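Written out below as C-alpha cells is the structure these notes cover.
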Amino acid sequence: MSVDISPSPDAVAKRKARLFRSLSTDSVLVLPNAWDAASAAVIAAVGATAIATTSGGVSWSLGRGDGQRLSRGEMVEAARRIVDSVDLPVTVDVERGYGPTPADVATTVRAVVEAGAVGVNLEDSTAVGGPLFDVAEQSARLRAARDEAAAAGLPELFINARTDVFLFAIGASDDRLGEVLARAAAYAKAGADGIFVPGLLDLDMLKTLCAESPLPVNAMAVAGGPSVIELTQVGVRRISLGTGLAQAAYTAARRAAAELLGTGGLTALDGSLDFSELNVLFRH
C-alpha cells in the first residue's frame, strides 16, 4: 500500500511565501509581470525567481479594459491558472481590492490566498486617475488584508501597498514625496510589507524615498526610464514592469499580422519561440 507523502497545499503555500519574503528582503527582486498561464511559464523558463501579475494584462487577455473591470471571481480564476502553471511564488495585483471597504479587501485576500498566491498589491486610489483613499481609510483596508491573510492560514502573505500619488499626479508636485513618506509610515503600521510608487522614476527623489521610507520601495520600470542597475543603485528593492511585457507581446502580434495582411511577408515571425519550446512548458 503506497502512502502519499507529498506536501499539503498549505505547506506548499507557506514554503513559497517564505521564499518570496526572503527574495523581497535579502536582495533586489526583479519581477517581469505575467498576464496568463503561458506568459508566466515563459517568464519562469528564463530564470525568474517569482511571478507578479499585471491587472492590465490579465484584463486585456479576458477582453476587458484595466481599472477593475473584471469581477473578483474572474481575477481570482486568472490568478489560479497562473499559480498552477509555475512552481514559483506568485504575487497578485488585486487593484483596489474589488470594493471600497475593509470587508471587500478581506474577501479578495482570502480568495487569492485560496488560489495559491503568496503576495498581493493593493492600491490606494479610489478610481483610475484618483482621488485616493485617505490615509486612515487605506490603513484600515491594509489591516483587513493583514488580518484576513492570517485568518486564511497564510500570515506570511506579502502585502505590497501601492500608492498612486505620483502616477496620478495627486496634489502639488513639491508635496508628493512628503505625502508618499507619510503614507508609507502609516501603511507600515497597518501591516504592509512594501511600498510601490508607480510613476516615480526621478532617481534623486527615489534615493530620498528609499533612505527615509520605513518600507522597502518598489518602482515600476518603463521603456526609456532608468535601468534596473540605476534603480538598484539608489536603493529600490523591487522592480516590476506593469503592463510592459504584455504591451510588447501584443505589439509583436500586431506587427506580424500587419505584415502578413499587408505585404504577405513573414519576417516579423523571425526569432519566434518554436512550437515545441512552448508546448513543453506545460504539464497538462
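Chain lettering (A, B, ...) mirrors the order of the C-alpha cells, residue numbering begins at 1 for each chain separately, and ligand numbering begins at 1 in order of display.
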
Distance query Phe166 (chain A) at most 8 Å, only C-alpha atoms, self and fewer than 3 positions along chain excluded, as a ChimeraX atom specification = /A:163,169-170,176,197-200

Create the file for the chosen residues now, containing N, CA and C atoms and written as a compact mmCIF listing (two decimals), in the first residue's frame.
# COMPACT_ATOMS: atom_id res chain seq x y z
N THR A 163 0.86 53.14 -3.76
CA THR A 163 0.30 54.48 -3.66
C THR A 163 0.42 55.17 -5.01
N ALA A 169 -0.47 62.09 -10.28
CA ALA A 169 -0.09 63.49 -10.01
C ALA A 169 -1.04 64.12 -8.99
N ILE A 170 -1.17 63.46 -7.84
CA ILE A 170 -2.06 63.93 -6.79
C ILE A 170 -1.37 65.04 -5.98
N ARG A 176 4.46 65.89 -3.10
CA ARG A 176 4.19 64.48 -3.36
C ARG A 176 5.12 63.54 -2.61
N VAL A 197 5.47 52.64 -5.72
CA VAL A 197 5.22 54.02 -6.14
C VAL A 197 5.35 54.13 -7.66
N PRO A 198 4.39 53.59 -8.42
CA PRO A 198 4.47 53.73 -9.88
C PRO A 198 4.40 55.21 -10.25
N GLY A 199 5.09 55.54 -11.34
CA GLY A 199 5.09 56.92 -11.80
C GLY A 199 6.24 57.74 -11.27
N LEU A 200 6.96 57.24 -10.27
CA LEU A 200 8.13 57.94 -9.74
C LEU A 200 9.38 57.26 -10.28

Hey, what's within 12 Å of region 13-20 of chain A if we count only C-alpha atoms and toss same-chain stuff fewer than 4 positions away? As a VMD selection string, please?
-> chain A and resid 7 to 9 24 to 31 48 to 52 83 to 84 86 to 91 112 to 120 149 to 150 152 to 159 193 238

Could you tell me which of A:Ile239, A:Leu260, A:Ala186, A:Leu181 comes closest to Leu201 (chain A) if we count only C-alpha atoms?
->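 Closest candidate: A:Ile239.
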
Residues within 7 Å of Ala161 (chain A), only C-alpha atoms, excluding chain neighbours under 2 positions, as an NGL selection string = :A and (121-123 or 159 or 163 or 192 or 194-196)

Would you put the residues from that selection into a file with C-alpha atoms, as a CSV table (one decimal), in the first residue's frame?
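File written: part-v1.csv
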chain,number,residue,atom,x,y,z
A,121,ASN,CA,-0.6,44.6,-4.5
A,122,LEU,CA,-3.3,46.8,-3.1
A,123,GLU,CA,-3.8,50.3,-4.5
A,159,ILE,CA,1.4,42.9,1.2
A,163,THR,CA,0.3,54.5,-3.7
A,192,ALA,CA,2.1,46.4,4.8
A,194,GLY,CA,6.5,47.2,0.9
A,195,ILE,CA,5.6,50.5,-0.7
A,196,PHE,CA,5.0,50.6,-4.5

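With CA of Gly129 (chain A) on one side and CA of Phe168 (chain A) on the other, the separation reads 5.3 Å.
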
Within 12 Å of Asp204 (chain A) using only C-alpha atoms, minus same-chain residues under 5 positions, as a ChimeraX atom specification | /A:177,209-211,226,230-231,233-236

Could you tell me which of A:Ile43, A:Gly244, A:Tyr98, A:Ile82 comes closest to Leu70 (chain A) if we count only C-alpha atoms?
->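 Using only C-alpha atoms, Leu70 (chain A) sits closest to A:Tyr98.
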
Which of these residues is nearest to Ala184 (chain A), using only C-alpha atoms: A:Ala106, A:Ala223, A:Leu142, A:Val228?
->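 Among A:Ala106, A:Ala223, A:Leu142, A:Val228, it is A:Leu142 that comes nearest to Ala184 (chain A).
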
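Pairwise distance (CA of Gln138 (chain A), CA of Arg64 (chain A)) equals 26.2 Å.
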
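With distances restricted to only C-alpha atoms, A:Ala37 is the closest residue to Arg283 (chain A) from A:Leu269, A:Ala256, A:Ala37, A:Val76.
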
Per DSSP on the backbone, what are the strand (DSSP E) residues of region 36-248 of chain A, as a VMD selection string?
-> chain A and resid 51 to 53 90 to 93 119 to 123 158 to 162 194 to 196 217 to 220 238 to 240

To one decimal in Å, tell me the separation between CA of Leu215 (chain A) and CA of Ala185 (chain A).
->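 It comes out at 7.7 Å.
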
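If only C-alpha atoms are the atoms counted, then among A:Arg141, A:Gly191, A:Thr53, A:Ser85 the closest residue to Phe282 (chain A) is A:Ser85.
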
Write out as a PyMOL selection string all residues of region 5-248 of chain A that DSSP puts in alpha helix (DSSP H) for this structure's backbone.
-> chain A and resi 9-26+37-45+55-61+72-85+102-114+135-151+176-189+203-212+228-233+244-248

Neighbour list for Ser240 (chain A) as a list in words, cut-off 7 Å, only C-alpha atoms, skip fewer than 4 positions in-chain =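 Once the adjacent positions are removed, what remains is Val30, Leu31, Pro32, Asn33, Ala219, Met220 and Ala221 of chain A.
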
Using only C-alpha atoms, please write the residues we just selected to a file, as a compact mmCIF listing (two decimals), in the first residue's frame.
# COMPACT_ATOMS: atom_id res chain seq x y z
CA VAL A 30 13.03 41.85 -10.36
CA LEU A 31 9.52 40.84 -11.42
CA PRO A 32 8.58 40.59 -15.10
CA ASN A 33 4.78 40.69 -14.95
CA ALA A 219 9.45 51.04 -8.60
CA MET A 220 7.88 50.36 -11.98
CA ALA A 221 10.45 50.39 -14.78

If you count only C-alpha atoms, the residue of A:Thr101, A:Ser213, A:Ser139, A:Thr108 closest to Glu77 (chain A) turns out to be A:Thr108
